[in-house]
Each structure stands twice: as C-alpha cells, then as structure tokens.
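Asker: Before we start, here is the structure in question, set down as structure tokens.
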Amino acid sequence: MSLPGSMIHPAATPLTQQERQQFVDVVTPHLSDNMNRNVGIHGLQRFNKTGKLIGNALTVKVRGGDNLLVYKAMTMLQDGHVLVIDAQGDENNAIIGELIKLDCIRRGCVGFVIDGAIRDVASFENTPCYARSITHRGPFKTGPGEINVPVIVGGQIVNPGDIIVGDEDGVVSFPYAHKDELLALAAKHADKENKVKEMIASGVENQSWYMDLLHEKGYL
C-alpha cells in the first residue's frame, strides 16, 4: 500500500455530456451565493477569453515547480475531466504549457485549474484555464506527487470527482451529491435577479430589493 505522499488512485467517472449541459447557463455567483458565499476557489486568474469550464476533477498534487506526476495524470484523463493541480501556489516554474495542454485536450480534458504558474499563455485563449500566474521558466520533472487525492487549490479543498464550474467570475467546486440541489437553487436565484432587473428597468422609486434591507437594518 502506498503511503501518503505517493498515492495514485483511479480517476472518478466523468460527468456525462447531458450533465455538463445542465450547467451551461448557470453562473458561478449563483452557485457561490447558495453555498453561503464562503466556498469557492479564489486567488487564481482566468487566462481564457472564451469558453466555460464544466466538468469534474481529476486531481494532482505535486511539489512546487515539478510536473512529473502531471504526465502520469494525463494518461488517466477521460472526456469531461478537469485537470486540477495543487502545485502549492509556487510561481517560480510553470506546471503546464502548450504541449501538455494540447495532449490533455486530445484526451478529452475540458480545462485546467492550477494553484501554480503556467506558460505559453496565448495558447490558452480558447481553452478554460485558471492559474495563479505566468512564467517562462519550465518545470522540473523529478517528482514526487499524488493523483486523485484531496487537494487544496485557491484555498478550497477539491476532492477527486468534484464538479468544477468556471466562468469570467471565477471557479467553484462541490461534490456531485449536491448537483441537483444546487442546480435548483441557482435557478431560483436567477429568477429572483431577473425580477430585480425588471424592477430597476421600471424606474419605480421604491426599489424594495435594497430599500427593505436598509429599513430592516435601521438605516431608513
């Protein structure tokens, strides 16, 4: 049995195309707001200009600046996986670049979430990618690392198989078991905001969506 620090587990079953499609119109703020506004990956930059990230996590934990176990993880990717890499926030060496990106996409990977640096940034313009920074310096390839273990990315614990949703506002992750509940709550949230937009557009003086709160808190 492998000891902590060197574990490699099988990849979680990817979401189906139909399951991924359920999140196409769901924005990350509506998911985040329904997880008490204190859950979600933060501190990473979005490097793609188009495309939405929807999939589930194949996790990798590596030594800062070293991507040997990323190569192993690549061989385990299936259609719909998001490669989630805990590089311990190290920004000195890029964990992935264009070549890894191309082969991951060929294998069905739908995007990347990396607590570390990337390079060849222009190649990610249309490929969902969130990372801490950019550097021209390449990675070391000596190990160690782990695959499909719980990782910490942007202050968030991500477990293998967790659903990952990313857009222009950031990235959220959550267990598959909460999928249907969060989809329902996000739909209600969107409906509520649409009604607020209608109220704003109407020009009514008493905008109850915030005036009521000010009254409740004693500011009116």
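Here, A, B, ... name the chains of the structure tokens in the order displayed, residue numbers run from 1 inside each chain, and ligands are numbered from 1 in the same displayed order.
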I'd like the contact shell of Val60 (chain A) - 8 Å cut-off, only C-alpha atoms, skipping same-chain residues fewer than 5 positions apart - returned as a list in words.
Answerer: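 Skipping anything fewer than 5 positions along the chain leaves Leu69, Val70, Ala73, Leu83, Val84, Ile85, Asp86, Gly145, Glu146, Ile147, Asn148, Val149 and Val151 of chain A.
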Asker: Among chain A, which residues does DSSP mark as strand (DSSP E or B) when it is run on the backbone? Keep the chain and numbering as in the structure and answer as number ranges by chain.
Answerer: A: 8, 41, 45-46, 53-62, 66, 81-86, 94-96, 111-118, 129-134, 140, 145-147, 151-153, 156-158, 163-167, 170-174
Asker: Looking at A:Val82, A:Gly166, A:Ala131, A:Gln45, which one is nearest to His30 (chain A), with distances taken over only C-alpha atoms?
Answerer: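 The closest residue to His30 (chain A) is A:Gly166.
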Asker: Determine which residues of region 14-195 of chain A DSSP labels as helix (DSSP H, G or I) from the backbone of this structure, then write them out as a VMD selection string.
Answerer: chain A and resid 17 to 21 28 to 33 68 to 74 98 to 106 121 to 124 176 to 195
Asker: Mind writing the picked residues with N, CA and C atoms as a short mmCIF file (atom, residue, chain, number, x, y, z; two decimals), in the first residue's frame?
Answerer:
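result.cif was written with the following content:
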```cif
data_model
loop_
_atom_site.label_atom_id
_atom_site.label_comp_id
_atom_site.auth_asym_id
_atom_site.auth_seq_id
_atom_site.Cartn_x
_atom_site.Cartn_y
_atom_site.Cartn_z
N GLN A 17 -22.20 14.18 -20.98
CA GLN A 17 -22.43 15.41 -21.73
C GLN A 17 -23.74 16.06 -21.30
N GLN A 18 -24.75 15.26 -21.03
CA GLN A 18 -26.04 15.79 -20.59
C GLN A 18 -25.91 16.48 -19.23
N GLU A 19 -25.13 15.91 -18.32
CA GLU A 19 -24.93 16.52 -17.01
C GLU A 19 -24.16 17.83 -17.14
N ARG A 20 -23.16 17.85 -18.00
CA ARG A 20 -22.40 19.09 -18.20
C ARG A 20 -23.29 20.17 -18.79
N GLN A 21 -24.18 19.77 -19.68
CA GLN A 21 -25.07 20.72 -20.33
C GLN A 21 -25.98 21.43 -19.32
N THR A 28 -21.32 31.25 -11.95
CA THR A 28 -20.68 30.90 -10.68
C THR A 28 -21.18 31.71 -9.49
N PRO A 29 -21.54 33.01 -9.64
CA PRO A 29 -22.05 33.72 -8.47
C PRO A 29 -23.32 33.09 -7.89
N HIS A 30 -24.19 32.53 -8.75
CA HIS A 30 -25.41 31.92 -8.25
C HIS A 30 -25.12 30.61 -7.50
N LEU A 31 -24.08 29.91 -7.92
CA LEU A 31 -23.66 28.72 -7.18
C LEU A 31 -23.01 29.12 -5.86
N SER A 32 -22.12 30.10 -5.94
CA SER A 32 -21.40 30.55 -4.75
C SER A 32 -22.34 31.11 -3.69
N ASP A 33 -23.30 31.94 -4.13
CA ASP A 33 -24.23 32.54 -3.17
C ASP A 33 -25.04 31.49 -2.43
N LEU A 68 6.22 16.09 -12.98
CA LEU A 68 6.34 14.70 -13.40
C LEU A 68 5.02 13.95 -13.26
N LEU A 69 4.32 14.14 -12.13
CA LEU A 69 3.07 13.40 -11.91
C LEU A 69 1.93 13.94 -12.78
N VAL A 70 2.08 15.13 -13.34
CA VAL A 70 1.10 15.62 -14.30
C VAL A 70 1.12 14.72 -15.54
N TYR A 71 2.31 14.29 -15.95
CA TYR A 71 2.40 13.37 -17.09
C TYR A 71 1.63 12.09 -16.82
N LYS A 72 1.79 11.55 -15.63
CA LYS A 72 1.05 10.33 -15.28
C LYS A 72 -0.45 10.60 -15.30
N ALA A 73 -0.87 11.74 -14.75
CA ALA A 73 -2.29 12.08 -14.71
C ALA A 73 -2.87 12.20 -16.12
N MET A 74 -2.06 12.68 -17.05
CA MET A 74 -2.52 12.83 -18.43
C MET A 74 -2.98 11.50 -19.00
N GLU A 98 1.83 24.79 -23.46
CA GLU A 98 1.03 24.45 -24.64
C GLU A 98 1.06 22.96 -24.97
N LEU A 99 2.21 22.32 -24.86
CA LEU A 99 2.29 20.91 -25.26
C LEU A 99 1.42 20.03 -24.37
N ILE A 100 1.50 20.23 -23.07
CA ILE A 100 0.65 19.46 -22.15
C ILE A 100 -0.81 19.78 -22.43
N LYS A 101 -1.10 21.06 -22.64
CA LYS A 101 -2.49 21.45 -22.92
C LYS A 101 -3.03 20.70 -24.13
N LEU A 102 -2.26 20.67 -25.20
CA LEU A 102 -2.72 20.03 -26.43
C LEU A 102 -3.01 18.55 -26.24
N ASP A 103 -2.12 17.86 -25.52
CA ASP A 103 -2.35 16.43 -25.34
C ASP A 103 -3.51 16.16 -24.38
N CYS A 104 -3.66 17.02 -23.37
CA CYS A 104 -4.79 16.86 -22.45
C CYS A 104 -6.11 17.03 -23.19
N ILE A 105 -6.18 18.06 -24.04
CA ILE A 105 -7.41 18.30 -24.81
C ILE A 105 -7.67 17.11 -25.74
N ARG A 106 -6.62 16.59 -26.35
CA ARG A 106 -6.78 15.41 -27.22
C ARG A 106 -7.39 14.25 -26.46
N VAL A 121 1.02 31.23 -22.56
CA VAL A 121 -0.30 31.69 -22.17
C VAL A 121 -1.22 31.96 -23.35
N ALA A 122 -0.67 32.37 -24.49
CA ALA A 122 -1.51 32.67 -25.64
C ALA A 122 -2.26 31.43 -26.13
N SER A 123 -1.71 30.26 -25.88
CA SER A 123 -2.35 29.03 -26.35
C SER A 123 -3.60 28.68 -25.56
N PHE A 124 -3.82 29.35 -24.44
CA PHE A 124 -4.99 29.07 -23.61
C PHE A 124 -6.14 30.03 -23.89
N TYR A 176 -20.46 15.93 -6.24
CA TYR A 176 -21.51 15.52 -7.18
C TYR A 176 -22.85 15.35 -6.47
N ALA A 177 -22.83 14.89 -5.22
CA ALA A 177 -24.07 14.63 -4.48
C ALA A 177 -24.92 15.87 -4.32
N HIS A 178 -24.32 17.07 -4.42
CA HIS A 178 -25.08 18.32 -4.26
C HIS A 178 -25.52 18.91 -5.60
N LYS A 179 -25.27 18.23 -6.69
CA LYS A 179 -25.52 18.78 -8.03
C LYS A 179 -26.97 19.23 -8.21
N ASP A 180 -27.92 18.34 -7.98
CA ASP A 180 -29.32 18.66 -8.29
C ASP A 180 -29.85 19.76 -7.38
N GLU A 181 -29.47 19.73 -6.12
CA GLU A 181 -29.93 20.78 -5.20
C GLU A 181 -29.39 22.14 -5.60
N LEU A 182 -28.11 22.19 -5.95
CA LEU A 182 -27.52 23.47 -6.33
C LEU A 182 -28.07 23.97 -7.65
N LEU A 183 -28.36 23.07 -8.58
CA LEU A 183 -28.98 23.49 -9.83
C LEU A 183 -30.34 24.14 -9.57
N ALA A 184 -31.13 23.54 -8.69
CA ALA A 184 -32.45 24.09 -8.37
C ALA A 184 -32.33 25.45 -7.68
N LEU A 185 -31.40 25.56 -6.74
CA LEU A 185 -31.22 26.82 -6.02
C LEU A 185 -30.70 27.91 -6.95
N ALA A 186 -29.79 27.55 -7.85
CA ALA A 186 -29.27 28.54 -8.79
C ALA A 186 -30.36 29.03 -9.73
N ALA A 187 -31.27 28.14 -10.13
CA ALA A 187 -32.38 28.54 -10.99
C ALA A 187 -33.29 29.54 -10.28
N LYS A 188 -33.58 29.29 -9.00
CA LYS A 188 -34.39 30.22 -8.21
C LYS A 188 -33.69 31.57 -8.07
N HIS A 189 -32.38 31.50 -7.88
CA HIS A 189 -31.58 32.72 -7.72
C HIS A 189 -31.64 33.55 -9.00
N ALA A 190 -31.51 32.89 -10.14
CA ALA A 190 -31.56 33.59 -11.42
C ALA A 190 -32.93 34.24 -11.63
N ASP A 191 -33.99 33.53 -11.25
CA ASP A 191 -35.33 34.07 -11.39
C ASP A 191 -35.51 35.31 -10.52
N LYS A 192 -34.99 35.24 -9.30
CA LYS A 192 -35.08 36.38 -8.38
C LYS A 192 -34.36 37.59 -8.96
N GLU A 193 -33.17 37.39 -9.52
CA GLU A 193 -32.42 38.50 -10.07
C GLU A 193 -33.09 39.07 -11.31
N ASN A 194 -33.73 38.22 -12.10
CA ASN A 194 -34.45 38.72 -13.27
C ASN A 194 -35.59 39.65 -12.86
N LYS A 195 -36.26 39.31 -11.75
CA LYS A 195 -37.34 40.17 -11.25
C LYS A 195 -36.79 41.51 -10.75
#
```
Asker: Using only C-alpha atoms, determine which residues lie at most 9 Å from Glu125 (chain A), disregarding the query and same-chain residues fewer than 4 positions distant; provide the list as a PyMOL selection string.
Answerer: chain A and resi 47-51+121+129
Asker: Restricting the calculation to only C-alpha atoms, which member of A:Ala87, A:Met7, A:Ile118, A:Val165 is positioned closest to Ile54 (chain A)?
Answerer: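 Closest residue, counting only C-alpha atoms: A:Val165.
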Asker: If I take CA of Thr16 (chain A) and CA of Gly108 (chain A), how far is one from the other in Å, to one decimal?
Answerer: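 CA of Gly108 (chain A) lies at a distance of 12.1 Å from CA of Thr16 (chain A).
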Asker: If I take CA of Gln156 (chain A) and CA of Met35 (chain A), how far is one from the other in Å, to one decimal?
Answerer: 12.7 Å
